[in-house]
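These notes are about the structure you will find just below.
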Amino acid sequence: MTVRSCEEHTYKINVPTFEGHYDDVYLSYLPLAHNFDRACHILMFMCGGQIGYYSRDIRLLTDDLMTLRPTLFATVPRVLNRLYDTVYAEANKSRLKSALLNWAVSSKQREIERFVYRKDSIWDKLIFHKVQEKLGGRIRMVLTGSAPLSPQVLTFLRCALGCVVRTHVCDCLVFICCKADFLMKGYYKEPAKTAEALDADGWLHTGDVGTWLPNGTLKIVDRKKNIFKLSQGEYIAAEKIEQVYQSSPFVSQVFVDGDSLKVCRCLQTISQLHILGAGLVKAKDTVLADLLNQGKKAGLKGFEQVKDIYLEKDPFTVDNKLLTPTFKNRRPELRKKYKRVLSDLYSRNGF
């Protein structure tokens, strides 16, 4: 990656929604080699801000946030989804709390649509200050990328945090290529990999899949390696489906996989299985029904819905090499670990 490319990344952060200042604080917990994290470092260097580093235990990230109290938070969707799930799980224990939360989001959403971001409304004092304190209470901007973030979660975060939340991530899918003088020139001493990424005309094949929106902008949907084609010819974006199913109250983590010769199958980790108070078969039926309902509400097409599931009690983690350092599913490793399980799912359903 060129220095010019880093400058462009930083410019996109700094203008026009976030103007860095000397008293800004950034918490770095993404890999230091990650371009996303590097751009945030450069921004802090440019404005004379402060950088703090997490305690090297991702389970203590919330403690680090409350200790450092950053103003800029660059993160991945999995962390934000977890925050959203935690807040709504607590609110759903009471009809009154649930109603107040929905009312608060609806009220602040009308302000957000007018580009009014603030932390001093009645809803902030009653409800959202608790969410803001989870991130230290001083966040001015949240940046997220590397995977899709559902509109529902995005709206909630903007309302609850009272700040700009930018995400850098349809029917018509396209493979995204780009060309500019500030893009990468190639992989260091790896001509084979360079030839895979850069074609003869100088176009960089990013590996991303996107879709054109009605307003003429390009939205990143998924990674090319996560897209697979079903036997009926339809393309499936696995991470998009996982984001939808993540909203289920029964799901802690989820892995969706498919095969070009078969229909879609699903594997997931369930951490709240004990609340069902039922046997495994009944629990599985309950969870599957809820997933299909979540998919229907989100507008998933029939061929995008899973046909069967497997319940797993052990989580996917970075330590067991089932998640990347940015908390994305390692699909090859997950397919290898659950090869027999996935094969059984197909056999059981006659595929």
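Residues are referred to by chain and number: the chain letter is A, B, ... according to the order shown in the structure tokens, the number counts from 1 in that chain, and ligands are numbered separately from 1 in the order shown.
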
Using only C-alpha atoms, which residues sit within 9 Å of stretch 233-242 of chain A once same-chain residues fewer than 6 positions away are excluded, as an NGL selection string?
-> :A and (147-150 or 173 or 209 or 221-224 or 226-227 or 253-258 or 260 or 264 or 295 or 300 or 303-305)

Mind writing the picked residues with C-alpha atoms as a PDB file, in the first residue's frame?
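Just written: result.pdb:
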ATOM      1  CA  ALA A 147     -18.372  -6.564   6.706  1.00  0.00           C
ATOM      2  CA  PRO A 148     -21.948  -5.350   6.208  1.00  0.00           C
ATOM      3  CA  LEU A 149     -23.825  -3.672   9.058  1.00  0.00           C
ATOM      4  CA  SER A 150     -27.601  -3.952   8.988  1.00  0.00           C
ATOM      5  CA  LEU A 173     -24.095  -7.901  -7.755  1.00  0.00           C
ATOM      6  CA  VAL A 209     -18.753  -7.680  -4.332  1.00  0.00           C
ATOM      7  CA  VAL A 221     -22.102  -6.266   0.023  1.00  0.00           C
ATOM      8  CA  ASP A 222     -19.558  -8.988   0.699  1.00  0.00           C
ATOM      9  CA  ARG A 223     -16.235 -10.508  -0.250  1.00  0.00           C
ATOM     10  CA  LYS A 224     -16.012 -12.402  -3.525  1.00  0.00           C
ATOM     11  CA  ASN A 226     -17.908 -15.454   0.439  1.00  0.00           C
ATOM     12  CA  ILE A 227     -20.247 -15.451  -2.562  1.00  0.00           C
ATOM     13  CA  GLN A 253     -22.636 -16.368  16.412  1.00  0.00           C
ATOM     14  CA  VAL A 254     -23.646 -17.785  13.075  1.00  0.00           C
ATOM     15  CA  PHE A 255     -21.939 -19.358  10.083  1.00  0.00           C
ATOM     16  CA  VAL A 256     -23.877 -19.744   6.834  1.00  0.00           C
ATOM     17  CA  ASP A 257     -22.472 -21.930   4.092  1.00  0.00           C
ATOM     18  CA  GLY A 258     -23.668 -23.381   0.810  1.00  0.00           C
ATOM     19  CA  SER A 260     -23.018 -24.717  -5.882  1.00  0.00           C
ATOM     20  CA  CYS A 264     -28.098 -23.453   1.348  1.00  0.00           C
ATOM     21  CA  GLY A 295     -35.061 -13.569   7.372  1.00  0.00           C
ATOM     22  CA  LEU A 300     -34.527 -12.400   2.333  1.00  0.00           C
ATOM     23  CA  PHE A 303     -33.414 -19.282  -1.817  1.00  0.00           C
ATOM     24  CA  GLU A 304     -31.466 -17.181   0.710  1.00  0.00           C
ATOM     25  CA  GLN A 305     -33.141 -18.796   3.719  1.00  0.00           C
TER      26      GLN A 305
END

Stretch 117-132 of chain A environment, 9 Å, only C-alpha atoms, sequence neighbours closer than 4 positions dropped, as a list in words = Leu83, Val87, Leu100, Leu101, Ala104, Val105, Ser107, Lys108, Glu111, Ile112, Gly136, Gly137, Arg138, Ile139, Arg158, Cys159, Ala160, Leu161, Gly162, Cys163 and Val164 of chain A

Any chance you can output those residues with N, CA, C and O atoms as a CSV table (one decimal), in the first residue's frame?
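As written to disk, result-v9.csv reads:
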chain,number,residue,atom,x,y,z
A,83,LEU,N,-23.1,-5.2,20.9
A,83,LEU,CA,-23.7,-4.1,21.7
A,83,LEU,C,-25.2,-3.9,21.5
A,83,LEU,O,-25.9,-3.8,22.5
A,87,VAL,N,-28.2,-4.6,24.5
A,87,VAL,CA,-29.1,-3.6,24.9
A,87,VAL,C,-30.6,-4.1,24.7
A,87,VAL,O,-31.4,-4.0,25.6
A,100,LEU,N,-40.2,1.9,25.8
A,100,LEU,CA,-39.5,3.1,26.0
A,100,LEU,C,-38.3,3.2,25.0
A,100,LEU,O,-38.0,4.2,24.4
A,101,LEU,N,-37.6,2.0,24.9
A,101,LEU,CA,-36.4,2.0,24.0
A,101,LEU,C,-36.9,2.3,22.5
A,101,LEU,O,-36.2,3.1,21.8
A,104,ALA,N,-37.7,5.9,22.1
A,104,ALA,CA,-36.5,6.7,22.1
A,104,ALA,C,-35.8,6.7,20.8
A,104,ALA,O,-35.4,7.7,20.2
A,105,VAL,N,-35.7,5.4,20.2
A,105,VAL,CA,-35.0,5.3,18.9
A,105,VAL,C,-35.8,6.0,17.8
A,105,VAL,O,-35.3,6.7,17.0
A,107,SER,N,-37.9,8.5,18.2
A,107,SER,CA,-37.8,10.0,18.4
A,107,SER,C,-36.5,10.5,17.9
A,107,SER,O,-36.4,11.5,17.1
A,108,LYS,N,-35.4,9.9,18.2
A,108,LYS,CA,-34.1,10.4,17.8
A,108,LYS,C,-33.8,10.1,16.4
A,108,LYS,O,-33.0,10.9,15.7
A,111,GLU,N,-34.6,13.1,14.3
A,111,GLU,CA,-33.5,14.1,14.4
A,111,GLU,C,-32.3,13.7,13.5
A,111,GLU,O,-31.8,14.6,12.8
A,112,ILE,N,-32.0,12.4,13.5
A,112,ILE,CA,-30.8,12.0,12.7
A,112,ILE,C,-31.1,12.2,11.2
A,112,ILE,O,-30.2,12.6,10.4
A,136,GLY,N,-17.3,4.6,26.8
A,136,GLY,CA,-16.5,5.6,27.4
A,136,GLY,C,-17.2,7.0,27.6
A,136,GLY,O,-16.7,7.8,28.3
A,137,GLY,N,-18.3,7.2,26.9
A,137,GLY,CA,-19.1,8.4,27.1
A,137,GLY,C,-18.6,9.6,26.3
A,137,GLY,O,-19.3,10.7,26.4
A,138,ARG,N,-17.5,9.5,25.5
A,138,ARG,CA,-17.1,10.7,24.8
A,138,ARG,C,-17.0,10.5,23.2
A,138,ARG,O,-16.4,11.3,22.5
A,139,ILE,N,-17.5,9.4,22.7
A,139,ILE,CA,-17.4,9.1,21.3
A,139,ILE,C,-18.0,10.2,20.4
A,139,ILE,O,-19.1,10.6,20.6
A,158,ARG,N,-26.6,5.2,15.8
A,158,ARG,CA,-26.6,6.7,15.6
A,158,ARG,C,-27.5,7.4,16.6
A,158,ARG,O,-27.1,8.5,17.1
A,159,CYS,N,-28.6,6.8,16.9
A,159,CYS,CA,-29.5,7.3,17.9
A,159,CYS,C,-28.9,7.2,19.3
A,159,CYS,O,-28.9,8.2,20.1
A,160,ALA,N,-28.4,6.0,19.6
A,160,ALA,CA,-28.0,5.8,21.0
A,160,ALA,C,-26.7,6.5,21.3
A,160,ALA,O,-26.5,7.0,22.5
A,161,LEU,N,-25.8,6.6,20.4
A,161,LEU,CA,-24.5,7.2,20.7
A,161,LEU,C,-24.5,8.7,20.4
A,161,LEU,O,-23.6,9.5,20.8
A,162,GLY,N,-25.5,9.2,19.6
A,162,GLY,CA,-25.6,10.6,19.3
A,162,GLY,C,-24.5,11.2,18.5
A,162,GLY,O,-24.0,12.3,18.7
A,163,CYS,N,-23.9,10.3,17.6
A,163,CYS,CA,-22.8,10.8,16.8
A,163,CYS,C,-22.9,10.1,15.4
A,163,CYS,O,-23.7,9.2,15.2
A,164,VAL,N,-22.0,10.5,14.6
A,164,VAL,CA,-21.9,10.0,13.2
A,164,VAL,C,-21.3,8.6,13.3
A,164,VAL,O,-20.3,8.3,14.0

So how many Å separate atom CA of A:Phe228 and atom CA of A:Gln243, to one decimal?
->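 It comes out at 16.6 Å.
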
Return as a PyMOL selection string the full set of residues in stretch 32-134 of chain A whose backbone-based DSSP assignment is helix (DSSP H, G or I).
-> chain A and resi 35-47+58-68+77-91+95-112+122-134

9 Å contact set for A:Tyr88, only C-alpha atoms, chain neighbours under 3 positions out, as JSON, numbers by chain | {"A": [83, 84, 85, 91, 92, 93, 98, 101, 249]}

Excluding A:Leu288 and residues on its chain fewer than 5 positions from it, collect all residues at most 9 Å away from it, counting only C-alpha atoms, and give them as a list in words.
-> Ala283, Asn293, Val306, Lys307, Asp308 and Ile309 of chain A

Would you please work out which residue, of A:Gln294, A:Ser94, A:Thr206, A:Ser55, is nearest to A:Tyr245 when using only C-alpha atoms?
-> A:Gln294
